[in-house]
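Only one structure is covered here, and it is reproduced in the block below.
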Amino acid sequence: MTERKGFLLVTMDPSPLLEDEFNDWYDTEHVPDRTALPGFESGRRFVCVSGWPRYLALYDLAAAAVLESEAYKAVSWGGFSPWTKRVVAKVRGQYRASGDQVYPGNVITGNPCRLVLIRFRSVPEAETALVVKGVRANFEGRPETTQVRVLKSTYNNDNDCLALVEARVPYPGKYPNWSRFS
């Protein structure tokens with residue numbers, strides 16, 4: 001069996017006064033520095049068009065263990081640059097999730113027009129399969145959908161499942177149909 005891909009997902013919302021600097025920092029320092037690290041396979045940023053917080057960064061990793069590497073530790077937390085420290089101290093809506101891609105297990109982020117993120121909080125291990133089943137039933141096979149993934153975050157000793165649905169265009173009507181998760 002092929003090893004599952006890992007991921008790192010972060011959300012943040014800068015104040016309007018910080019937004020230009022925030023975007024400069026992310027585009028010219030943070031994403032390039034992270035994607036240059038061994039095991040980081042891609043790094044993409046997204047802007048929220050419905051909901052909050054406004055920005056999401058998603059990094060595909062060769063494996064979740066990449067976040068335990070010496071190279072990553074050297075630039076994270078205590079290794080933050082002065083610019084990173086200044087920007088991160090001034091944003092709201094920070095959420096950080098990392099872990100394994102449980103479905104399908106080994107794909108990376110494409111180039112979608114839309115990315116739908118659904119967070120399932122505190123999912124017991126035995127119910128992860130129900131999340132996968134519901135996400136697939138709601139989105140796979142639809143003409144709008146280009147890729148479906150389910151990620152499992154083990155950050156801070158909590159088990160969140162994150163559904164990532166890449167789409168060509170917005171979905172019409174109300175989605176998802178929650179009855180498909182039972």
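Chain lettering (A, B, ...) mirrors the order of the structure tokens, residue numbering begins at 1 for each chain separately, and ligand numbering begins at 1 in order of display.
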
TODO: Name all residues at most 12 Å from Ala71 (chain A) (count only C-alpha atoms; drop same-chain ones fewer than 4 positions away) and give them as a list in words.
DONE: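 Here the qualifying residues turn out to be Asp33, Arg34, Thr35, Ala36, Leu37, Pro38, Gly39, Phe40, Ala65, Val66, Leu67, Val75, Ser76 and Gly79 of chain A.
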
- [ ] Could you please write out, as a ChimeraX atom specification, every residue of region 6-170 of chain A that DSSP assigns to helix (DSSP H, G or I)?
- [x] /A:19-35,64-68,70-75,77-79,82-88,125-139,155-157

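For the choices A:Ala163, A:Ile118, A:Leu56, A:Val169, the atom-to-atom distance to Asn23 (chain A) is smallest for A:Leu56 when using only C-alpha atoms.
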
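The smallest atom-to-atom distance between Thr11 (chain A) and any of A:Phe80, A:Ala62, A:Tyr72, A:Tyr95, using only C-alpha atoms, is found for A:Tyr95.
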
Just want the 9 Å neighbourhood of Val148 (chain A), counted on only C-alpha atoms, with same-chain residues fewer than 6 positions away dropped. Output as a PDB file with C-alpha atoms, in the first residue's frame.
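result_4.pdb, freshly written:
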```pdb
ATOM      1  CA  TYR A 103      -9.506   9.503   1.164  1.00  0.00           C
ATOM      2  CA  PRO A 104      -8.383   8.798  -1.481  1.00  0.00           C
ATOM      3  CA  VAL A 135     -18.665  13.434   1.253  1.00  0.00           C
ATOM      4  CA  ARG A 136     -18.402  11.007  -1.646  1.00  0.00           C
ATOM      5  CA  PHE A 139     -19.898  15.434  -4.374  1.00  0.00           C
ATOM      6  CA  GLU A 140     -18.325  12.646  -6.420  1.00  0.00           C
ATOM      7  CA  ALA A 163     -13.661  17.494   3.479  1.00  0.00           C
ATOM      8  CA  LEU A 164     -11.970  19.286   0.583  1.00  0.00           C
ATOM      9  CA  VAL A 165     -13.993  19.428  -2.594  1.00  0.00           C
ATOM     10  CA  GLU A 166     -12.438  20.986  -5.663  1.00  0.00           C
ATOM     11  CA  ALA A 167     -14.897  22.316  -8.235  1.00  0.00           C
TER      12      ALA A 167
END
```

Long-range neighbours of Pro32 (chain A) as a PDB file with all heavy atoms, in the first residue's frame, 12 Å cut-off, only C-alpha atoms, 4 positions minimum in chain:
```
ATOM      1  N   ASP A  24       1.404  40.157   0.912  1.00  0.00           N
ATOM      2  CA  ASP A  24       2.806  40.223   0.498  1.00  0.00           C
ATOM      3  C   ASP A  24       3.641  39.188   1.254  1.00  0.00           C
ATOM      4  O   ASP A  24       4.459  38.485   0.667  1.00  0.00           O
ATOM      5  CB  ASP A  24       3.392  41.620   0.749  1.00  0.00           C
ATOM      6  CG  ASP A  24       2.871  42.660  -0.217  1.00  0.00           C
ATOM      7  OD1 ASP A  24       2.284  42.285  -1.263  1.00  0.00           O
ATOM      8  OD2 ASP A  24       3.046  43.861   0.077  1.00  0.00           O
ATOM      9  N   TRP A  25       3.447  39.120   2.567  1.00  0.00           N
ATOM     10  CA  TRP A  25       4.175  38.161   3.406  1.00  0.00           C
ATOM     11  C   TRP A  25       3.900  36.733   2.951  1.00  0.00           C
ATOM     12  O   TRP A  25       4.831  35.954   2.741  1.00  0.00           O
ATOM     13  CB  TRP A  25       3.778  38.349   4.878  1.00  0.00           C
ATOM     14  CG  TRP A  25       4.117  37.192   5.760  1.00  0.00           C
ATOM     15  CD1 TRP A  25       5.365  36.846   6.213  1.00  0.00           C
ATOM     16  CD2 TRP A  25       3.210  36.225   6.292  1.00  0.00           C
ATOM     17  NE1 TRP A  25       5.276  35.716   6.993  1.00  0.00           N
ATOM     18  CE2 TRP A  25       3.963  35.323   7.055  1.00  0.00           C
ATOM     19  CE3 TRP A  25       1.828  36.040   6.199  1.00  0.00           C
ATOM     20  CZ2 TRP A  25       3.387  34.238   7.727  1.00  0.00           C
ATOM     21  CZ3 TRP A  25       1.257  34.980   6.852  1.00  0.00           C
ATOM     22  CH2 TRP A  25       2.024  34.085   7.608  1.00  0.00           C
ATOM     23  N   TYR A  26       2.630  36.392   2.764  1.00  0.00           N
ATOM     24  CA  TYR A  26       2.283  35.025   2.378  1.00  0.00           C
ATOM     25  C   TYR A  26       2.862  34.668   1.010  1.00  0.00           C
ATOM     26  O   TYR A  26       3.419  33.587   0.820  1.00  0.00           O
ATOM     27  CB  TYR A  26       0.762  34.843   2.349  1.00  0.00           C
ATOM     28  CG  TYR A  26       0.281  33.771   3.295  1.00  0.00           C
ATOM     29  CD1 TYR A  26      -0.689  34.048   4.249  1.00  0.00           C
ATOM     30  CD2 TYR A  26       0.784  32.480   3.258  1.00  0.00           C
ATOM     31  CE1 TYR A  26      -1.134  33.080   5.120  1.00  0.00           C
ATOM     32  CE2 TYR A  26       0.353  31.507   4.132  1.00  0.00           C
ATOM     33  CZ  TYR A  26      -0.597  31.806   5.061  1.00  0.00           C
ATOM     34  OH  TYR A  26      -1.038  30.844   5.925  1.00  0.00           O
ATOM     35  N   ASP A  27       2.721  35.586   0.052  1.00  0.00           N
ATOM     36  CA  ASP A  27       3.140  35.284  -1.324  1.00  0.00           C
ATOM     37  C   ASP A  27       4.648  35.336  -1.544  1.00  0.00           C
ATOM     38  O   ASP A  27       5.174  34.595  -2.371  1.00  0.00           O
ATOM     39  CB  ASP A  27       2.466  36.249  -2.307  1.00  0.00           C
ATOM     40  CG  ASP A  27       0.966  36.021  -2.410  1.00  0.00           C
ATOM     41  OD1 ASP A  27       0.490  34.923  -2.058  1.00  0.00           O
ATOM     42  OD2 ASP A  27       0.258  36.950  -2.839  1.00  0.00           O
ATOM     43  N   THR A  28       5.352  36.216  -0.827  1.00  0.00           N
ATOM     44  CA  THR A  28       6.779  36.374  -1.106  1.00  0.00           C
ATOM     45  C   THR A  28       7.693  35.692  -0.099  1.00  0.00           C
ATOM     46  O   THR A  28       8.844  35.423  -0.416  1.00  0.00           O
ATOM     47  CB  THR A  28       7.167  37.868  -1.187  1.00  0.00           C
ATOM     48  OG1 THR A  28       6.921  38.482   0.082  1.00  0.00           O
ATOM     49  CG2 THR A  28       6.387  38.575  -2.282  1.00  0.00           C
ATOM     50  N   ALA A  36       9.717  25.128  -0.319  1.00  0.00           N
ATOM     51  CA  ALA A  36      11.110  24.769  -0.597  1.00  0.00           C
ATOM     52  C   ALA A  36      11.622  23.673   0.345  1.00  0.00           C
ATOM     53  O   ALA A  36      12.679  23.099   0.105  1.00  0.00           O
ATOM     54  CB  ALA A  36      12.002  26.004  -0.478  1.00  0.00           C
ATOM     55  N   LEU A  37      10.863  23.361   1.390  1.00  0.00           N
ATOM     56  CA  LEU A  37      11.293  22.349   2.355  1.00  0.00           C
ATOM     57  C   LEU A  37      11.114  20.938   1.802  1.00  0.00           C
ATOM     58  O   LEU A  37      10.156  20.664   1.068  1.00  0.00           O
ATOM     59  CB  LEU A  37      10.473  22.482   3.644  1.00  0.00           C
ATOM     60  CG  LEU A  37      10.680  23.760   4.444  1.00  0.00           C
ATOM     61  CD1 LEU A  37       9.654  23.848   5.569  1.00  0.00           C
ATOM     62  CD2 LEU A  37      12.100  23.817   4.998  1.00  0.00           C
ATOM     63  N   PHE A  40       7.480  18.931   1.230  1.00  0.00           N
ATOM     64  CA  PHE A  40       6.356  19.796   0.877  1.00  0.00           C
ATOM     65  C   PHE A  40       6.167  19.686  -0.629  1.00  0.00           C
ATOM     66  O   PHE A  40       7.043  20.068  -1.397  1.00  0.00           O
ATOM     67  CB  PHE A  40       6.634  21.256   1.270  1.00  0.00           C
ATOM     68  CG  PHE A  40       6.271  21.578   2.687  1.00  0.00           C
ATOM     69  CD1 PHE A  40       7.010  21.068   3.736  1.00  0.00           C
ATOM     70  CD2 PHE A  40       5.194  22.402   2.976  1.00  0.00           C
ATOM     71  CE1 PHE A  40       6.693  21.364   5.053  1.00  0.00           C
ATOM     72  CE2 PHE A  40       4.860  22.705   4.287  1.00  0.00           C
ATOM     73  CZ  PHE A  40       5.616  22.179   5.335  1.00  0.00           C
ATOM     74  N   GLU A  41       5.042  19.136  -1.053  1.00  0.00           N
ATOM     75  CA  GLU A  41       4.808  18.881  -2.475  1.00  0.00           C
ATOM     76  C   GLU A  41       4.061  20.001  -3.181  1.00  0.00           C
ATOM     77  O   GLU A  41       4.168  20.148  -4.387  1.00  0.00           O
ATOM     78  CB  GLU A  41       4.065  17.554  -2.645  1.00  0.00           C
ATOM     79  CG  GLU A  41       4.883  16.390  -2.147  1.00  0.00           C
ATOM     80  CD  GLU A  41       4.222  15.061  -2.346  1.00  0.00           C
ATOM     81  OE1 GLU A  41       2.976  14.994  -2.485  1.00  0.00           O
ATOM     82  OE2 GLU A  41       4.944  14.061  -2.361  1.00  0.00           O
ATOM     83  N   SER A  42       3.277  20.762  -2.445  1.00  0.00           N
ATOM     84  CA  SER A  42       2.582  21.906  -3.033  1.00  0.00           C
ATOM     85  C   SER A  42       2.142  22.843  -1.923  1.00  0.00           C
ATOM     86  O   SER A  42       2.051  22.450  -0.758  1.00  0.00           O
ATOM     87  CB  SER A  42       1.362  21.465  -3.858  1.00  0.00           C
ATOM     88  OG  SER A  42       0.322  21.036  -3.002  1.00  0.00           O
ATOM     89  N   GLY A  43       1.887  24.059  -2.305  1.00  0.00           N
ATOM     90  CA  GLY A  43       1.360  25.055  -1.383  1.00  0.00           C
ATOM     91  C   GLY A  43       0.451  25.989  -2.156  1.00  0.00           C
ATOM     92  O   GLY A  43       0.862  26.565  -3.161  1.00  0.00           O
ATOM     93  N   ARG A  44      -0.794  26.071  -1.725  1.00  0.00           N
ATOM     94  CA  ARG A  44      -1.790  26.911  -2.416  1.00  0.00           C
ATOM     95  C   ARG A  44      -2.496  27.773  -1.395  1.00  0.00           C
ATOM     96  O   ARG A  44      -2.718  27.357  -0.263  1.00  0.00           O
ATOM     97  CB  ARG A  44      -2.844  26.044  -3.121  1.00  0.00           C
ATOM     98  CG  ARG A  44      -2.357  25.061  -4.159  1.00  0.00           C
ATOM     99  CD  ARG A  44      -2.005  25.727  -5.476  1.00  0.00           C
ATOM    100  NE  ARG A  44      -3.007  26.659  -5.920  1.00  0.00           N
ATOM    101  CZ  ARG A  44      -3.948  26.416  -6.815  1.00  0.00           C
ATOM    102  NH1 ARG A  44      -4.029  25.244  -7.391  1.00  0.00           N
ATOM    103  NH2 ARG A  44      -4.809  27.348  -7.158  1.00  0.00           N
ATOM    104  N   ARG A  45      -2.896  28.960  -1.838  1.00  0.00           N
ATOM    105  CA  ARG A  45      -3.685  29.860  -1.003  1.00  0.00           C
ATOM    106  C   ARG A  45      -5.055  30.047  -1.624  1.00  0.00           C
ATOM    107  O   ARG A  45      -5.194  30.058  -2.840  1.00  0.00           O
ATOM    108  CB  ARG A  45      -3.002  31.220  -0.896  1.00  0.00           C
ATOM    109  CG  ARG A  45      -1.694  31.169  -0.146  1.00  0.00           C
ATOM    110  CD  ARG A  45      -1.142  32.561   0.064  1.00  0.00           C
ATOM    111  NE  ARG A  45      -2.100  33.362   0.834  1.00  0.00           N
ATOM    112  CZ  ARG A  45      -2.297  34.664   0.645  1.00  0.00           C
ATOM    113  NH1 ARG A  45      -1.638  35.329  -0.269  1.00  0.00           N
ATOM    114  NH2 ARG A  45      -3.171  35.319   1.375  1.00  0.00           N
ATOM    115  N   TYR A  59      -1.114  23.021   2.266  1.00  0.00           N
ATOM    116  CA  TYR A  59       0.148  22.421   1.830  1.00  0.00           C
ATOM    117  C   TYR A  59      -0.033  20.908   1.763  1.00  0.00           C
ATOM    118  O   TYR A  59      -0.476  20.291   2.735  1.00  0.00           O
ATOM    119  CB  TYR A  59       1.266  22.744   2.822  1.00  0.00           C
ATOM    120  CG  TYR A  59       1.481  24.216   3.020  1.00  0.00           C
ATOM    121  CD1 TYR A  59       0.844  24.900   4.052  1.00  0.00           C
ATOM    122  CD2 TYR A  59       2.325  24.935   2.179  1.00  0.00           C
ATOM    123  CE1 TYR A  59       1.040  26.256   4.240  1.00  0.00           C
ATOM    124  CE2 TYR A  59       2.525  26.293   2.355  1.00  0.00           C
ATOM    125  CZ  TYR A  59       1.873  26.949   3.388  1.00  0.00           C
ATOM    126  OH  TYR A  59       2.065  28.292   3.570  1.00  0.00           O
TER     127      TYR A  59
END
```

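With distances restricted to only C-alpha atoms, A:Leu151 is the closest residue to Ala64 (chain A) from A:Val47, A:Leu151, A:Ala89, A:Val31.
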
Task: Filtered DSSP result for chain A, state strand (DSSP E), as a PyMOL selection string - done: chain A and resi 6-14+40-47+55-61+91-103+114-120+145-153+160-167

Could you produce a table of the residues of region 51-100 of chain A lying within 7 Å of region 12-22 of chain A, with the nearest pair of atoms per residue and their separation in Å rounded to one decimal, using only C-alpha atoms, ordered by chain and increasing residue number, as CSV?
```
residue,atom,partner,partner_atom,distance
A:Pro53,CA,A:Asp13,CA,5.1
A:Arg54,CA,A:Asp13,CA,5.3
A:Tyr55,CA,A:Met12,CA,5.4
A:Leu56,CA,A:Met12,CA,6.6
A:Val87,CA,A:Phe22,CA,6.4
A:Lys90,CA,A:Pro14,CA,6.8
A:Val91,CA,A:Pro14,CA,4.5
A:Arg92,CA,A:Asp13,CA,5.0
A:Gly93,CA,A:Met12,CA,4.9
A:Gln94,CA,A:Met12,CA,4.7
```

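The closest residue to Cys113 (chain A), picked from A:Val10, A:Val49, A:Val131, A:Ala137 and counting only C-alpha atoms, is A:Val49.
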
Open item on the list: Could you list, as a VMD selection string, every residue within 8 Å of Asn159 (chain A), counting only C-alpha atoms and ignoring same-chain residues fewer than 2 positions away?
Closed with: chain A and resid 121 to 125 152 to 155 157 161

Can you spit out the residues from that selection as an mmCIF file, in the first residue's frame, using N, CA and C atoms?
```cif
data_model
loop_
_atom_site.group_PDB
_atom_site.id
_atom_site.type_symbol
_atom_site.label_atom_id
_atom_site.label_comp_id
_atom_site.auth_asym_id
_atom_site.auth_seq_id
_atom_site.Cartn_x
_atom_site.Cartn_y
_atom_site.Cartn_z
ATOM 1 N N ARG A 121 -15.976 18.433 13.357
ATOM 2 C CA ARG A 121 -15.203 18.538 14.594
ATOM 3 C C ARG A 121 -15.326 17.290 15.458
ATOM 4 N N SER A 122 -14.221 16.934 16.071
ATOM 5 C CA SER A 122 -14.156 15.867 17.080
ATOM 6 C C SER A 122 -14.838 14.584 16.615
ATOM 7 N N VAL A 123 -14.392 14.059 15.495
ATOM 8 C CA VAL A 123 -14.977 12.845 14.926
ATOM 9 C C VAL A 123 -14.322 11.619 15.564
ATOM 10 N N PRO A 124 -15.110 10.755 16.210
ATOM 11 C CA PRO A 124 -14.532 9.519 16.734
ATOM 12 C C PRO A 124 -13.947 8.679 15.593
ATOM 13 N N GLU A 125 -12.887 7.964 15.880
ATOM 14 C CA GLU A 125 -12.204 7.152 14.866
ATOM 15 C C GLU A 125 -13.185 6.259 14.107
ATOM 16 N N LYS A 152 -7.722 13.902 7.781
ATOM 17 C CA LYS A 152 -7.941 13.723 9.214
ATOM 18 C C LYS A 152 -6.845 14.441 9.967
ATOM 19 N N SER A 153 -7.254 15.388 10.770
ATOM 20 C CA SER A 153 -6.321 16.171 11.561
ATOM 21 C C SER A 153 -6.189 15.581 12.949
ATOM 22 N N THR A 154 -4.972 15.439 13.363
ATOM 23 C CA THR A 154 -4.697 14.942 14.709
ATOM 24 C C THR A 154 -4.029 16.013 15.556
ATOM 25 N N TYR A 155 -4.194 17.261 15.169
ATOM 26 C CA TYR A 155 -3.558 18.372 15.863
ATOM 27 C C TYR A 155 -4.239 18.660 17.196
ATOM 28 N N ASN A 157 -4.464 16.892 19.832
ATOM 29 C CA ASN A 157 -5.162 15.719 20.365
ATOM 30 C C ASN A 157 -6.661 15.710 20.058
ATOM 31 N N CYS A 161 -12.220 15.847 10.955
ATOM 32 C CA CYS A 161 -12.180 15.419 9.559
ATOM 33 C C CYS A 161 -12.478 16.654 8.717
#
```

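Distance check against Pro172 (chain A) using only C-alpha atoms: of A:Gly78, A:Pro112, A:Pro143, A:Gly134, the minimum falls on A:Pro143.
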
- [ ] Considering only C-alpha atoms, return as an NGL selection string whatever protein or nucleic-acid residues lie within 8 Å of Glu144 (chain A), sequence-local ones (same chain, fewer than 2 positions apart) excluded.
- [x] :A and (142 or 146 or 167-171)

- [ ] Rank A:Val107, A:Val150, A:Val132, A:Ala74 by their smallest atom-to-atom distance to Glu3 (chain A), using only C-alpha atoms, and report the top residue only.
- [x] A:Val107

Task: Surrounding residues of Asn106 (chain A) excluding itself and chain neighbours under 5 positions, 9 Å, only C-alpha atoms, as number ranges by chain - done: A: 2-6, 62, 101

Write out the residues from the selection above, keeping all heavy atoms, as a PDB file, in the first residue's frame.
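Below is the file that was written, out.pdb:
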```pdb
ATOM      1  N   THR A   2       0.519   2.231  -0.786  1.00  0.00           N
ATOM      2  CA  THR A   2       1.234   3.494  -0.843  1.00  0.00           C
ATOM      3  C   THR A   2       0.966   4.283   0.433  1.00  0.00           C
ATOM      4  O   THR A   2      -0.153   4.304   0.939  1.00  0.00           O
ATOM      5  CB  THR A   2       0.760   4.310  -2.055  1.00  0.00           C
ATOM      6  OG1 THR A   2       0.901   3.521  -3.220  1.00  0.00           O
ATOM      7  CG2 THR A   2       1.563   5.580  -2.204  1.00  0.00           C
ATOM      8  N   GLU A   3       2.010   4.935   0.940  1.00  0.00           N
ATOM      9  CA  GLU A   3       1.844   5.752   2.131  1.00  0.00           C
ATOM     10  C   GLU A   3       0.891   6.913   1.848  1.00  0.00           C
ATOM     11  O   GLU A   3       0.908   7.497   0.773  1.00  0.00           O
ATOM     12  CB  GLU A   3       3.200   6.300   2.572  1.00  0.00           C
ATOM     13  CG  GLU A   3       3.129   7.056   3.877  1.00  0.00           C
ATOM     14  CD  GLU A   3       4.497   7.478   4.387  1.00  0.00           C
ATOM     15  OE1 GLU A   3       5.496   7.292   3.693  1.00  0.00           O
ATOM     16  OE2 GLU A   3       4.539   8.010   5.504  1.00  0.00           O
ATOM     17  N   ARG A   4       0.059   7.221   2.818  1.00  0.00           N
ATOM     18  CA  ARG A   4      -0.869   8.338   2.674  1.00  0.00           C
ATOM     19  C   ARG A   4      -0.119   9.657   2.636  1.00  0.00           C
ATOM     20  O   ARG A   4       0.867   9.849   3.345  1.00  0.00           O
ATOM     21  CB  ARG A   4      -1.835   8.374   3.850  1.00  0.00           C
ATOM     22  CG  ARG A   4      -2.839   7.278   3.855  1.00  0.00           C
ATOM     23  CD  ARG A   4      -3.731   7.427   5.056  1.00  0.00           C
ATOM     24  NE  ARG A   4      -4.789   6.445   4.992  1.00  0.00           N
ATOM     25  CZ  ARG A   4      -5.637   6.225   5.965  1.00  0.00           C
ATOM     26  NH1 ARG A   4      -5.563   6.918   7.078  1.00  0.00           N
ATOM     27  NH2 ARG A   4      -6.570   5.328   5.836  1.00  0.00           N
ATOM     28  N   LYS A   5      -0.637  10.574   1.841  1.00  0.00           N
ATOM     29  CA  LYS A   5      -0.108  11.926   1.835  1.00  0.00           C
ATOM     30  C   LYS A   5      -0.487  12.605   3.142  1.00  0.00           C
ATOM     31  O   LYS A   5      -1.498  12.284   3.771  1.00  0.00           O
ATOM     32  CB  LYS A   5      -0.697  12.740   0.677  1.00  0.00           C
ATOM     33  CG  LYS A   5      -0.389  12.185  -0.691  1.00  0.00           C
ATOM     34  CD  LYS A   5       0.920  12.708  -1.184  1.00  0.00           C
ATOM     35  CE  LYS A   5       1.137  12.238  -2.617  1.00  0.00           C
ATOM     36  NZ  LYS A   5       2.549  12.154  -2.921  1.00  0.00           N
ATOM     37  N   GLY A   6       0.320  13.559   3.524  1.00  0.00           N
ATOM     38  CA  GLY A   6       0.011  14.386   4.675  1.00  0.00           C
ATOM     39  C   GLY A   6      -0.457  15.752   4.205  1.00  0.00           C
ATOM     40  O   GLY A   6      -0.474  16.046   3.004  1.00  0.00           O
ATOM     41  N   ALA A  62       4.427  14.953   1.483  1.00  0.00           N
ATOM     42  CA  ALA A  62       4.706  13.562   1.122  1.00  0.00           C
ATOM     43  C   ALA A  62       4.157  12.623   2.194  1.00  0.00           C
ATOM     44  O   ALA A  62       3.668  11.539   1.890  1.00  0.00           O
ATOM     45  CB  ALA A  62       6.204  13.357   0.932  1.00  0.00           C
ATOM     46  N   GLN A 101      -4.191  12.278   4.751  1.00  0.00           N
ATOM     47  CA  GLN A 101      -5.283  12.237   3.776  1.00  0.00           C
ATOM     48  C   GLN A 101      -5.868  10.824   3.848  1.00  0.00           C
ATOM     49  O   GLN A 101      -5.218   9.864   3.462  1.00  0.00           O
ATOM     50  CB  GLN A 101      -4.726  12.523   2.374  1.00  0.00           C
ATOM     51  CG  GLN A 101      -5.764  12.560   1.311  1.00  0.00           C
ATOM     52  CD  GLN A 101      -5.166  12.777  -0.076  1.00  0.00           C
ATOM     53  OE1 GLN A 101      -5.717  12.269  -1.025  1.00  0.00           O
ATOM     54  NE2 GLN A 101      -4.063  13.511  -0.213  1.00  0.00           N
TER      55      GLN A 101
END
```

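Taking CA of Asn111 (chain A) and CA of His30 (chain A) as the two end points, the separation is 19.7 Å.
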
Open item on the list: Rounded to one decimal, what separation in Å do you get between CA of Ile108 (chain A) and CA of Asp60 (chain A)?
Closed with: 5.9 Å
